[in-house]
>>> print(open('work.tsv').read())   # TSV, C-alpha atoms
chain	number	residue	atom	x	y	z
D	191	MET	CA	123.98	-10.11	94.28
D	192	GLU	CA	122.30	-7.20	92.52
D	193	ASN	CA	120.38	-6.33	95.67
D	194	GLN	CA	123.57	-6.46	97.73
D	195	ILE	CA	125.33	-4.08	95.35
D	196	PHE	CA	122.37	-1.72	95.47
D	197	GLU	CA	122.23	-1.82	99.27
D	198	LEU	CA	125.94	-1.11	99.50
D	199	GLN	CA	125.61	1.85	97.14
D	200	TYR	CA	122.60	3.13	99.10
D	201	ALA	CA	124.51	2.95	102.38
D	202	MET	CA	127.63	4.51	100.89
D	203	ASP	CA	125.82	7.42	99.22
D	204	THR	CA	123.70	8.09	102.31
D	205	PHE	CA	126.73	8.09	104.60
D	206	TYR	CA	128.66	10.36	102.22
D	207	PHE	CA	125.74	12.82	102.16
D	208	LEU	CA	125.62	12.90	105.95
D	209	ILE	CA	129.36	13.43	106.38
D	210	CYS	CA	129.42	16.22	103.79
D	211	GLY	CA	126.38	17.80	105.42
D	212	ALA	CA	128.18	17.77	108.77
D	213	LEU	CA	131.16	19.52	107.15
D	214	VAL	CA	128.86	22.19	105.70
D	215	MET	CA	127.16	22.58	109.08
D	216	TRP	CA	130.62	23.34	110.52
D	217	MET	CA	130.76	26.31	108.13
D	218	ALA	CA	128.24	27.97	110.46
D	219	ALA	CA	131.02	28.08	113.05
D	220	GLY	CA	133.35	29.51	110.41
D	221	PHE	CA	130.97	32.34	109.60
D	222	ALA	CA	130.46	33.06	113.30
D	223	MET	CA	134.21	33.25	113.97
D	224	LEU	CA	135.00	35.22	110.81
D	225	GLU	CA	132.30	37.81	111.41
D	226	SER	CA	132.94	38.19	115.14
D	227	GLY	CA	136.61	38.71	114.39
D	228	LEU	CA	135.92	41.43	111.84
D	229	VAL	CA	133.54	43.53	113.96
D	230	ARG	CA	134.37	45.71	116.95
D	231	ALA	CA	134.47	44.09	120.38
D	232	LYS	CA	131.28	45.86	121.50
D	233	ASN	CA	129.26	44.07	118.80
D	234	THR	CA	130.59	40.53	119.21
D	235	THR	CA	127.89	38.93	121.36
D	236	GLU	CA	125.13	40.12	119.06
D	237	ILE	CA	126.76	38.75	115.92
D	238	LEU	CA	127.37	35.40	117.61
D	239	THR	CA	123.71	35.34	118.66
D	240	LYS	CA	122.66	36.06	115.07
D	241	ASN	CA	124.74	33.21	113.72
D	242	VAL	CA	123.52	30.53	116.10
D	243	ALA	CA	119.91	31.74	115.87
D	244	LEU	CA	119.83	31.96	112.07
D	245	PHE	CA	121.10	28.39	111.85
D	246	ALA	CA	118.28	27.13	114.05
D	247	ILE	CA	115.71	29.22	112.16
D	248	ALA	CA	116.97	27.94	108.80
D	249	CYS	CA	116.73	24.33	109.96
D	250	THR	CA	113.20	24.82	111.26
D	251	MET	CA	111.78	26.86	108.36
D	252	TYR	CA	113.24	24.54	105.75
D	253	LEU	CA	111.61	21.65	107.61
D	254	VAL	CA	108.25	23.46	107.84
D	255	CYS	CA	107.94	24.62	104.23
D	256	GLY	CA	111.27	25.31	102.50
D	257	TYR	CA	111.97	21.72	101.44
D	258	GLU	CA	108.45	21.52	100.00
D	259	PHE	CA	108.96	24.69	97.92
D	260	MET	CA	112.34	23.53	96.67
D	261	TYR	CA	111.99	19.78	96.14
D	262	GLY	CA	108.38	18.88	96.87
D	263	GLY	CA	109.28	17.18	100.14
D	264	GLY	CA	105.94	17.91	101.75
D	265	TRP	CA	104.94	20.27	104.53
D	266	PHE	CA	106.80	19.40	107.74
D	267	LEU	CA	108.70	16.78	105.68
D	268	SER	CA	105.51	14.77	105.26
D	269	GLY	CA	106.81	13.49	101.92
D	270	VAL	CA	110.09	12.21	103.36
D	271	GLU	CA	110.29	8.73	104.83
D	272	THR	CA	112.30	9.17	108.01
D	273	THR	CA	111.43	6.20	110.21
D	274	GLY	CA	110.42	3.11	108.25
D	275	GLY	CA	112.27	0.98	105.77
D	276	ILE	CA	112.18	1.35	102.01
D	277	ASP	CA	110.98	-1.02	99.34
D	278	VAL	CA	114.35	-2.29	98.14
D	279	ALA	CA	112.92	-4.02	95.09
D	280	ALA	CA	111.07	-0.89	93.95
D	281	ALA	CA	114.06	1.34	94.59
D	282	LEU	CA	116.31	-1.05	92.73
D	283	ALA	CA	113.95	-1.10	89.77
D	284	ALA	CA	113.85	2.71	89.73
D	285	SER	CA	117.62	3.03	89.77
D	286	ALA	CA	119.92	2.20	86.87
D	287	GLU	CA	120.52	-1.48	86.30
D	288	ASN	CA	124.30	-1.31	86.43
D	289	GLY	CA	124.70	-0.91	90.19
D	290	PHE	CA	127.53	1.42	91.21
D	291	ASP	CA	127.53	3.17	87.84
D	292	GLY	CA	123.85	4.06	88.14
D	293	ASP	CA	122.07	7.05	89.62
D	294	SER	CA	122.72	8.16	93.17
D	295	VAL	CA	120.48	6.50	95.74
D	296	TYR	CA	120.23	7.64	99.34
D	297	SER	CA	117.92	8.26	102.26
D	298	GLY	CA	115.48	11.14	101.86
D	299	ALA	CA	116.38	12.30	105.34
D	300	SER	CA	120.05	12.54	104.36
D	301	ASP	CA	119.10	14.67	101.37
D	302	PHE	CA	117.11	17.03	103.60
D	303	PHE	CA	120.02	17.30	106.03
D	304	PHE	CA	122.49	18.11	103.25
D	305	GLN	CA	120.16	20.70	101.70
D	306	VAL	CA	119.22	22.43	104.95
D	307	VAL	CA	122.79	23.32	105.83
D	308	PHE	CA	123.06	25.05	102.44
D	309	VAL	CA	120.07	27.20	103.40
D	310	ALA	CA	121.84	28.26	106.59
D	311	THR	CA	124.99	29.07	104.61
D	312	CYS	CA	123.02	31.37	102.31
D	313	MET	CA	121.51	33.22	105.28
D	314	SER	CA	124.87	33.51	107.04
D	315	ILE	CA	126.09	35.68	104.16
D	316	VAL	CA	123.55	38.34	105.11
D	317	SER	CA	124.66	38.43	108.75
D	318	GLY	CA	128.10	39.94	108.24
D	319	ALA	CA	126.98	42.58	105.75
D	320	VAL	CA	124.51	44.17	108.20
D	321	ALA	CA	126.73	43.88	111.27
D	322	GLU	CA	127.07	46.56	113.96
D	323	ARG	CA	123.88	48.52	113.28
D	324	MET	CA	120.88	46.22	112.64
D	325	LYS	CA	118.31	45.20	115.23
D	326	LEU	CA	118.64	41.55	116.14
D	327	TRP	CA	114.93	40.74	115.95
D	328	ALA	CA	114.50	42.44	112.59
D	329	PHE	CA	117.32	40.29	111.24
D	330	LEU	CA	115.78	37.12	112.65
D	331	ALA	CA	112.37	38.03	111.21
D	332	PHE	CA	113.99	38.35	107.79
D	333	ALA	CA	115.73	35.00	108.32
D	334	VAL	CA	112.31	33.35	108.66
D	335	VAL	CA	111.22	34.62	105.23
D	336	MET	CA	114.58	34.09	103.52
D	337	THR	CA	115.07	30.50	104.63
D	338	GLY	CA	111.43	29.47	104.42
D	339	VAL	CA	110.37	31.12	101.17
D	340	ILE	CA	112.83	33.28	99.19
D	341	TYR	CA	115.77	30.89	98.91
D	342	PRO	CA	113.73	27.67	98.55
D	343	ILE	CA	111.68	29.08	95.66
D	344	GLU	CA	114.71	30.10	93.61
D	345	GLY	CA	116.34	26.81	94.57
D	346	GLY	CA	113.28	25.05	93.18
D	347	TRP	CA	113.70	26.93	89.91
D	348	THR	CA	117.25	25.66	89.60
D	349	TRP	CA	118.23	22.50	91.47
D	350	GLY	CA	114.60	21.55	92.10
D	351	GLY	CA	113.80	21.31	88.39
D	352	ASN	CA	110.89	23.78	88.35
D	353	SER	CA	112.30	25.67	85.38
D	354	VAL	CA	111.38	29.30	84.75
D	355	PHE	CA	112.49	31.55	81.90
D	356	GLY	CA	113.96	28.56	80.09
D	357	MET	CA	116.80	28.10	82.61
D	358	PHE	CA	116.88	24.34	82.13
D	359	GLU	CA	116.37	24.55	78.39
D	360	LEU	CA	119.33	26.94	78.27
D	361	ASN	CA	121.33	24.53	80.48
D	362	TYR	CA	122.08	26.86	83.37
D	363	SER	CA	124.95	25.12	85.16
D	364	ASP	CA	125.87	25.71	88.81
D	365	TYR	CA	127.44	22.61	90.36
D	366	ALA	CA	127.40	23.56	94.04
D	367	GLY	CA	125.84	27.01	94.05
D	368	SER	CA	128.06	29.99	93.22
D	369	GLY	CA	124.86	31.66	92.05
D	370	ILE	CA	122.10	29.64	93.69
D	371	VAL	CA	123.55	29.92	97.21
D	372	HIS	CA	126.30	32.54	97.32
D	373	MET	CA	125.05	35.21	94.95
D	374	ALA	CA	121.54	34.73	96.35
D	375	GLY	CA	122.77	35.46	99.86
D	376	ALA	CA	124.71	38.48	98.59
D	377	ALA	CA	121.62	39.81	96.78
D	378	ALA	CA	119.64	39.71	100.02
D	379	ALA	CA	122.56	41.36	101.82
D	380	LEU	CA	122.80	44.12	99.20
D	381	ALA	CA	119.10	44.92	99.62
D	382	ALA	CA	119.59	45.11	103.38
D	383	VAL	CA	122.64	47.37	103.16
D	384	ILE	CA	120.81	49.78	100.84
D	385	VAL	CA	117.83	50.07	103.21
D	386	LEU	CA	119.93	50.08	106.37
D	387	GLY	CA	122.64	52.58	105.46
D	388	PRO	CA	126.30	52.65	106.58
D	389	ARG	CA	127.69	52.60	110.09
D	390	LYS	CA	128.24	55.96	111.75
D	391	GLY	CA	131.68	57.29	110.97
D	392	LYS	CA	132.39	54.89	108.12
D	393	TYR	CA	132.26	57.59	105.44
D	394	GLY	CA	133.33	61.22	105.74
D	395	PRO	CA	131.51	64.26	104.30
D	396	ASN	CA	133.99	64.56	101.44
D	397	GLY	CA	133.86	60.94	100.39
D	398	GLU	CA	136.57	59.69	102.74
D	399	VAL	CA	136.46	56.00	103.65
D	400	ASN	CA	137.36	55.49	107.29
D	401	ALA	CA	138.60	52.04	108.24
D	402	ILE	CA	136.81	50.42	111.21
D	403	PRO	CA	139.16	47.61	112.29
D	404	GLY	CA	137.86	44.33	113.62
D	405	ALA	CA	138.56	43.34	117.20
D	406	ASN	CA	140.01	39.86	116.76
D	407	LEU	CA	141.94	38.98	113.61
D	408	PRO	CA	143.13	35.61	114.99
D	409	LEU	CA	139.45	34.67	115.31
D	410	ALA	CA	138.75	35.86	111.76
D	411	THR	CA	141.65	33.74	110.50
D	412	LEU	CA	140.35	30.71	112.36
D	413	GLY	CA	136.94	31.30	110.82
D	414	THR	CA	138.47	31.36	107.35
D	415	PHE	CA	140.22	28.04	107.90
D	416	ILE	CA	136.97	26.51	109.21
D	417	LEU	CA	135.10	27.72	106.11
D	418	TRP	CA	137.90	26.41	103.90
D	419	MET	CA	137.56	22.96	105.49
D	420	GLY	CA	133.76	23.02	105.37
D	421	TRP	CA	133.85	23.83	101.67
D	422	PHE	CA	135.10	20.31	100.93
D	423	GLY	CA	131.69	19.09	102.08
D	424	PHE	CA	129.92	21.92	100.26
D	425	ASN	CA	131.44	21.12	96.88
D	426	GLY	CA	132.28	17.47	97.45
D	427	GLY	CA	128.79	16.50	98.58
D	428	SER	CA	127.32	18.13	95.48
D	429	THR	CA	128.43	15.13	93.43
D	430	LEU	CA	125.37	13.58	95.16
D	431	LYS	CA	127.02	10.15	95.36
D	432	LEU	CA	130.29	8.37	95.98
D	433	GLY	CA	129.86	4.78	94.81
D	434	GLY	CA	131.74	3.87	91.63
D	435	ILE	CA	135.23	4.46	90.24
D	436	GLU	CA	134.22	7.30	87.93
D	437	VAL	CA	132.36	9.19	90.64
D	438	ALA	CA	135.09	8.56	93.20
D	439	ASN	CA	137.57	10.17	90.81
D	440	GLU	CA	135.20	13.11	90.34
D	441	VAL	CA	134.93	13.57	94.11
D	442	ALA	CA	138.72	13.55	94.42
D	443	ASN	CA	138.98	16.11	91.62
D	444	VAL	CA	136.40	18.32	93.33
D	445	PHE	CA	138.33	18.24	96.61
D	446	MET	CA	141.61	18.95	94.82
D	447	ASN	CA	140.19	21.85	92.81
D	448	THR	CA	138.39	23.35	95.79
D	449	ASN	CA	141.65	23.50	97.71
D	450	ALA	CA	143.61	24.79	94.69
D	451	ALA	CA	141.14	27.61	94.05
D	452	ALA	CA	141.24	28.75	97.68
D	453	ALA	CA	145.03	28.84	97.60
D	454	GLY	CA	145.04	30.70	94.28
D	455	GLY	CA	142.54	33.26	95.56
D	456	LEU	CA	144.49	33.88	98.74
D	457	ILE	CA	147.82	34.39	96.96
D	458	ALA	CA	146.28	36.65	94.33
D	459	ALA	CA	144.54	38.83	96.92
D	460	LEU	CA	147.72	39.02	99.01
D	461	ILE	CA	149.76	40.22	96.02
D	462	THR	CA	147.03	42.62	94.85
D	463	ALA	CA	146.81	44.20	98.31
D	464	ARG	CA	150.59	44.53	98.44
D	465	ILE	CA	150.60	46.34	95.08
D	466	LEU	CA	147.71	48.64	96.00
D	467	PHE	CA	148.47	49.38	99.65
D	468	GLY	CA	152.16	48.59	100.00
D	469	LYS	CA	151.33	46.17	102.83
D	470	ALA	CA	150.11	42.62	103.25
D	471	ASP	CA	146.47	43.26	104.20
D	472	LEU	CA	145.24	40.28	106.23
D	473	THR	CA	141.53	40.94	105.82
D	474	MET	CA	141.88	41.17	102.03
D	475	THR	CA	143.98	38.00	102.10
D	476	LEU	CA	141.34	36.09	104.05
D	477	ASN	CA	138.62	37.29	101.71
D	478	GLY	CA	140.81	36.24	98.79
D	479	ALA	CA	140.74	32.63	100.00
D	480	LEU	CA	136.97	32.76	100.37
D	481	ALA	CA	136.63	34.38	96.96
D	482	GLY	CA	138.61	31.55	95.40
D	483	LEU	CA	136.27	29.05	97.05
D	484	VAL	CA	133.15	30.88	95.83
D	485	ALA	CA	134.55	31.17	92.31
D	486	ILE	CA	135.20	27.44	91.91
D	487	THR	CA	131.90	26.37	93.48
D	488	ALA	CA	129.99	26.67	90.20
D	489	ASP	CA	132.24	24.06	88.57
D	490	PRO	CA	134.79	22.30	90.78
D	491	ALA	CA	134.67	19.07	88.78
D	492	SER	CA	135.74	20.03	85.25
D	493	PRO	CA	138.96	22.10	85.44
D	494	SER	CA	142.47	20.85	85.96
D	495	ALA	CA	144.17	21.81	89.21
D	496	LEU	CA	145.95	24.60	87.36
D	497	GLY	CA	142.67	25.80	85.86
D	498	ALA	CA	141.06	25.82	89.29
D	499	THR	CA	143.98	27.81	90.69
D	500	ILE	CA	143.56	30.39	87.92
D	501	VAL	CA	139.79	30.63	88.52
D	502	GLY	CA	140.44	31.14	92.23
D	503	ALA	CA	143.17	33.71	91.56
D	504	ILE	CA	140.86	35.79	89.37
D	505	GLY	CA	138.30	35.67	92.16
D	506	GLY	CA	140.96	36.82	94.62
D	507	VAL	CA	141.81	39.85	92.51
D	508	LEU	CA	138.15	40.67	91.87
D	509	VAL	CA	137.25	40.68	95.55
D	510	VAL	CA	139.86	43.32	96.43
D	511	PHE	CA	138.67	45.72	93.75
D	512	SER	CA	135.03	45.00	94.53
D	513	ILE	CA	135.43	45.86	98.21
D	514	LEU	CA	137.11	49.14	97.27
D	515	THR	CA	134.41	49.92	94.70
D	516	LEU	CA	131.52	49.28	97.09
D	517	ASP	CA	133.11	51.73	99.53
D	518	LYS	CA	133.13	54.36	96.81
D	519	PHE	CA	129.37	53.90	96.53
D	520	LYS	CA	129.06	54.08	100.34
D	521	LEU	CA	127.72	50.54	100.56
D	522	ASP	CA	129.02	49.56	103.99
D	523	ASP	CA	129.73	45.83	104.26
D	524	PRO	CA	131.89	45.21	107.37
D	525	VAL	CA	133.07	41.74	106.29
D	526	GLY	CA	133.08	42.06	102.50
D	527	ALA	CA	130.29	39.50	102.10
D	528	ILE	CA	128.65	41.14	99.07
D	529	SER	CA	131.95	41.20	97.22
D	530	VAL	CA	133.05	37.69	98.20
D	531	HIS	CA	129.76	35.93	97.59
D	532	GLY	CA	128.04	38.25	95.12
D	533	VAL	CA	130.56	39.71	92.71
D	534	VAL	CA	132.77	36.63	92.76
D	535	GLY	CA	129.71	34.37	92.70
D	536	ILE	CA	128.69	35.98	89.41
D	537	PHE	CA	132.18	35.46	88.04
D	538	GLY	CA	132.15	31.83	89.14
D	539	VAL	CA	128.92	31.11	87.28
D	540	LEU	CA	130.18	32.81	84.11
D	541	ALA	CA	133.52	31.00	84.35
D	542	VAL	CA	131.67	27.73	83.71
D	543	CYS	CA	131.33	28.90	80.11
D	544	VAL	CA	135.08	28.27	79.86
D	545	THR	CA	135.70	25.46	82.34
D	546	GLY	CA	132.54	23.42	81.79
D	547	GLY	CA	131.32	24.42	78.36
D	548	ALA	CA	128.10	26.08	79.56
D	549	SER	CA	126.41	28.62	77.29
D	550	PHE	CA	126.79	32.30	78.14
D	551	GLY	CA	123.09	32.87	77.51
D	552	GLY	CA	122.04	30.13	79.88
D	553	GLN	CA	124.37	31.33	82.64
D	554	LEU	CA	123.28	34.95	82.22
D	555	VAL	CA	119.57	34.11	82.32
D	556	GLY	CA	120.14	32.03	85.44
D	557	LEU	CA	122.06	34.78	87.20
D	558	LEU	CA	119.51	37.45	86.33
D	559	THR	CA	116.61	35.26	87.44
D	560	ILE	CA	118.18	34.47	90.80
D	561	PHE	CA	119.39	38.02	91.46
D	562	ILE	CA	116.17	39.80	90.51
D	563	TRP	CA	113.99	37.40	92.50
D	564	VAL	CA	116.10	37.48	95.67
D	565	PHE	CA	116.98	41.18	95.54
D	566	VAL	CA	113.43	42.43	94.85
D	567	THR	CA	111.70	40.16	97.35
D	568	SER	CA	114.33	40.92	99.98
D	569	LEU	CA	113.98	44.64	99.37
D	570	ILE	CA	110.22	44.35	99.91
D	571	VAL	CA	110.68	42.42	103.15
D	572	TRP	CA	113.33	44.83	104.47
D	573	PHE	CA	111.11	47.86	103.76
D	574	ALA	CA	108.17	46.10	105.43
D	575	LEU	CA	110.25	45.31	108.50
D	576	LYS	CA	111.52	48.90	108.59
D	577	ALA	CA	107.94	50.20	108.59
D	578	ILE	CA	106.62	47.66	111.12
D	579	MET	CA	109.39	47.35	113.70
D	580	GLY	CA	112.38	49.34	112.48
D	581	ILE	CA	115.58	47.63	111.41
D	582	ARG	CA	118.29	49.94	112.73
D	583	VAL	CA	119.35	50.55	116.31
D	584	SER	CA	119.47	54.12	117.62
D	585	GLU	CA	122.60	56.23	117.20
D	586	GLU	CA	123.26	55.97	120.93
D	587	GLU	CA	122.88	52.19	120.89
D	588	GLU	CA	125.22	51.94	117.92
D	589	TYR	CA	127.81	54.01	119.79
D	590	GLU	CA	127.50	51.93	122.95
D	591	GLY	CA	127.52	48.69	120.99
D	592	VAL	CA	124.64	46.42	120.05
D	593	ASP	CA	125.86	43.78	122.51
D	594	LEU	CA	124.33	45.75	125.37
D	595	SER	CA	121.19	47.03	123.63
D	596	GLU	CA	120.28	43.76	121.90
D	597	CYS	CA	121.74	41.06	124.16
D	598	GLY	CA	122.42	42.73	127.52
D	599	MET	CA	125.95	41.35	127.78
D	600	GLU	CA	129.42	41.90	126.37
D	601	ALA	CA	131.73	39.32	124.83
D	602	TYR	CA	134.83	40.95	126.34
D	603	PRO	CA	133.53	42.72	129.47
D	604	GLU	CA	136.97	43.31	130.96
D	605	PHE	CA	138.44	45.28	128.07
D	606	THR	CA	135.73	46.32	125.64
D	607	ASN	CA	136.92	49.31	123.66
D	608	LYS	CA	134.15	51.80	123.09
>>> encode(input="work.tsv", output="structure tokens")
Amino acid sequence: MENQIFELQYAMDTFYFLICGALVMWMAAGFAMLESGLVRAKNTTEILTKNVALFAIACTMYLVCGYEFMYGGGWFLSGVETTGGIDVAAALAASAENGFDGDSVYSGASDFFFQVVFVATCMSIVSGAVAERMKLWAFLAFAVVMTGVIYPIEGGWTWGGNSVFGMFELNYSDYAGSGIVHMAGAAAALAAVIVLGPRKGKYGPNGEVNAIPGANLPLATLGTFILWMGWFGFNGGSTLKLGGIEVANEVANVFMNTNAAAAGGLIAALITARILFGKADLTMTLNGALAGLVAITADPASPSALGATIVGAIGGVLVVFSILTLDKFKLDDPVGAISVHGVVGIFGVLAVCVTGGASFGGQLVGLLTIFIWVFVTSLIVWFALKAIMGIRVSEEEEYEGVDLSECGMEAYPEFTNK
């Protein structure tokens, strides 16, 4: 009977991991649609190419070495049993004795699959921030380093248990990765934007900020809804199991709070934009929903639904002011990725001090460790790529659109607006 309970839990937790991983994988489509909707038509093919290519690179590099750096899974997954059976008796002895109320138990391959789609999510954050002026192959070269080395190492310091600077002793808490995934991606994006510079015409000589509208707002809206849906897997799967009444209730709470925070962020950003601009700004509204999702990711399990809505709403307000502030510093981020994932990611991690009882010192040390590591190493890699191969297209290529110079085709050949 005990073995049957264990086997049922193993099957249930493994299946839950796989389904949540598939939902997170679908976020790659959300990023692709969001970003391609927020750039000009002449740059659409290139940004779609970046998104599909970075996903494949992330999956391959995490298999080659990233999973080893983060969780000790062996080079080329040599430490993960992917074909044979497992020793049920040994696994049962290693797990808690009380069946469904014990530790999570699942296939090592399912864990890899769930973790690898997180790596791709982190890298996708960089894509939108450097849109419309970066060389495709320079971006893909950075993706190799980011997904194979930079992200996995800081992930190993946090979720992997390889504590540095007392992060575990100080109880750094980040349930699904507001800091570990989202702020990390934003830190790499910030380094890229600094080295790359703004798009031509974005800022005037007297400090003016010139809007560069995206080509397809219906597509951007679709992308936001896809990301919203995928986030249920992102946060929900981070419970790491499903079997048991207590855990099932936690999963339900995570789903409920994830949705509540997104709604709160959207409404808050919509109202903030109306107050500031006198209009309902759709792009700010979409980013408000994403900001709410990022904000709650650090602790979607503890708050009430009302608390999650408030956390999301604060994130929605923050993202509007952050986007405006970055423009004042001439940090050109076409999709608002640094604000959504970075600024709000920091807030989300610090909010756990209130919602989950984490210590401010532990959260601050964790944030600083992640940011400094990712930002500095990314800056080094971007400068190296700039020296070796160049990272920015020519002024003429930027004017014509990177679709033609980088991919040799246009997404909308019949009505591309130059």
>>> closest_residue(input="work.tsv", among="D:Asp471, D:Ala479, D:Trp572, D:Gly346", to="D:Leu407", atoms="only C-alpha atoms")
D:Asp471
>>> residues_around(input="work.tsv", residues="stretch 528-539 of chain D", least_positions_apart="2", cutoff="6 Å", atoms="all atoms listed in the file", output="JSON, numbers by chain")
{"D": [368, 369, 372, 373, 376, 481, 484, 485, 488, 505, 509, 512, 513, 526, 541, 542]}
>>> write_last_selection(input="work.tsv", atoms="C-alpha atoms", output="PDB file, in the coordinates of the input")
ATOM      1  CA  SER D 368     128.060  29.990  93.220  1.00  0.00           C
ATOM      2  CA  GLY D 369     124.860  31.660  92.050  1.00  0.00           C
ATOM      3  CA  HIS D 372     126.300  32.540  97.320  1.00  0.00           C
ATOM      4  CA  MET D 373     125.050  35.210  94.950  1.00  0.00           C
ATOM      5  CA  ALA D 376     124.710  38.480  98.590  1.00  0.00           C
ATOM      6  CA  ALA D 481     136.630  34.380  96.960  1.00  0.00           C
ATOM      7  CA  VAL D 484     133.150  30.880  95.830  1.00  0.00           C
ATOM      8  CA  ALA D 485     134.550  31.170  92.310  1.00  0.00           C
ATOM      9  CA  ALA D 488     129.990  26.670  90.200  1.00  0.00           C
ATOM     10  CA  GLY D 505     138.300  35.670  92.160  1.00  0.00           C
ATOM     11  CA  VAL D 509     137.250  40.680  95.550  1.00  0.00           C
ATOM     12  CA  SER D 512     135.030  45.000  94.530  1.00  0.00           C
ATOM     13  CA  ILE D 513     135.430  45.860  98.210  1.00  0.00           C
ATOM     14  CA  GLY D 526     133.080  42.060 102.500  1.00  0.00           C
ATOM     15  CA  ALA D 541     133.520  31.000  84.350  1.00  0.00           C
ATOM     16  CA  VAL D 542     131.670  27.730  83.710  1.00  0.00           C
TER      17      VAL D 542
END
>>> residues_around(input="work.tsv", residues="D:Gly591", least_positions_apart="6", cutoff="9 Å", atoms="all atoms listed in the file", output="PyMOL selection string")
chain D and resi 230-234+322-323+600+608
>>> closest_residue(input="work.tsv", among="D:Leu409, D:Ser363, D:Ala319, D:Ala503", to="D:Leu540", atoms="all atoms listed in the file")
D:Ser363
>>> closest_residue(input="work.tsv", among="D:Met599, D:Val501, D:Met336, D:Leu267", to="D:Ala458", atoms="all atoms listed in the file")
D:Val501
>>> atom_distance(input="work.tsv", atom1="atom CA of D:Val270", atom2="atom CA of D:Leu432")
21.8 Å
>>> closest_residue(input="work.tsv", among="D:Thr250, D:Ser300, D:Asn439, D:Asn477", to="D:Glu271", atoms="all atoms listed in the file")
D:Ser300
>>> closest_residue(input="work.tsv", among="D:Gly338, D:Gly420, D:Gly546, D:Gly455", to="D:Val254", atoms="all atoms listed in the file")
D:Gly338
>>> residues_around(input="work.tsv", residues="stretch 410-415 of chain D", least_positions_apart="2", cutoff="9 Å", atoms="all atoms listed in the file", output="PyMOL selection string")
chain D and resi 217+219-228+404+406-408+417-420+472-473+476-477+479-480
>>> residues_near_point(input="work.tsv", point="(139.9, 16.5, 95.7)", cutoff="12 Å", atoms="all atoms listed in the file", output="number ranges by chain")
D: 419, 421-423, 425-427, 429, 437-451, 490-495, 498
>>> write_last_selection(input="work.tsv", atoms="C-alpha atoms", output="CSV table (one decimal), keeping the file's coordinate frame")
chain,number,residue,atom,x,y,z
D,419,MET,CA,137.6,23.0,105.5
D,421,TRP,CA,133.8,23.8,101.7
D,422,PHE,CA,135.1,20.3,100.9
D,423,GLY,CA,131.7,19.1,102.1
D,425,ASN,CA,131.4,21.1,96.9
D,426,GLY,CA,132.3,17.5,97.4
D,427,GLY,CA,128.8,16.5,98.6
D,429,THR,CA,128.4,15.1,93.4
D,437,VAL,CA,132.4,9.2,90.6
D,438,ALA,CA,135.1,8.6,93.2
D,439,ASN,CA,137.6,10.2,90.8
D,440,GLU,CA,135.2,13.1,90.3
D,441,VAL,CA,134.9,13.6,94.1
D,442,ALA,CA,138.7,13.6,94.4
D,443,ASN,CA,139.0,16.1,91.6
D,444,VAL,CA,136.4,18.3,93.3
D,445,PHE,CA,138.3,18.2,96.6
D,446,MET,CA,141.6,19.0,94.8
D,447,ASN,CA,140.2,21.8,92.8
D,448,THR,CA,138.4,23.4,95.8
D,449,ASN,CA,141.6,23.5,97.7
D,450,ALA,CA,143.6,24.8,94.7
D,451,ALA,CA,141.1,27.6,94.0
D,490,PRO,CA,134.8,22.3,90.8
D,491,ALA,CA,134.7,19.1,88.8
D,492,SER,CA,135.7,20.0,85.2
D,493,PRO,CA,139.0,22.1,85.4
D,494,SER,CA,142.5,20.8,86.0
D,495,ALA,CA,144.2,21.8,89.2
D,498,ALA,CA,141.1,25.8,89.3
>>> closest_residue(input="work.tsv", among="D:Tyr589, D:Phe519, D:Phe329, D:Tyr261", to="D:Val399", atoms="only C-alpha atoms")
D:Phe519
>>> residues_around(input="work.tsv", residues="D:Val354", least_positions_apart="6", cutoff="12 Å", atoms="only C-alpha atoms", output="list in words")
Ile343, Glu344, Gly345, Gly346, Trp347, Thr348, Leu360, Asn361, Tyr362, Gly552, Val555, Gly556, Leu558, Thr559, Ile560 and Trp563 of chain D
>>> atom_distance(input="work.tsv", atom1="atom CA of D:Ala382", atom2="atom CA of D:Val583")
14.0 Å
>>> atom_distance(input="work.tsv", atom1="atom CA of D:Val371", atom2="atom CA of D:Ser428")
12.5 Å
>>> axis_aligned_box(input="work.tsv", around="stretch 470-481 of chain D", padding_each_side="8 Å", output="JSON")
{"center_x": 143.4, "center_y": 37.9, "center_z": 101.6, "size_x": 29.5, "size_y": 26.6, "size_z": 25.3}
>>> residues_near_point(input="work.tsv", point="(146.5, 43.0, 98.0)", cutoff="10 Å", atoms="all atoms listed in the file", output="list in words")
Leu456, Ile457, Ala458, Ala459, Leu460, Ile461, Thr462, Ala463, Arg464, Ile465, Leu466, Phe467, Gly468, Lys469, Ala470, Asp471, Leu472, Thr473, Met474, Thr475, Gly478, Gly506, Val507, Val509, Val510 and Phe511 of chain D
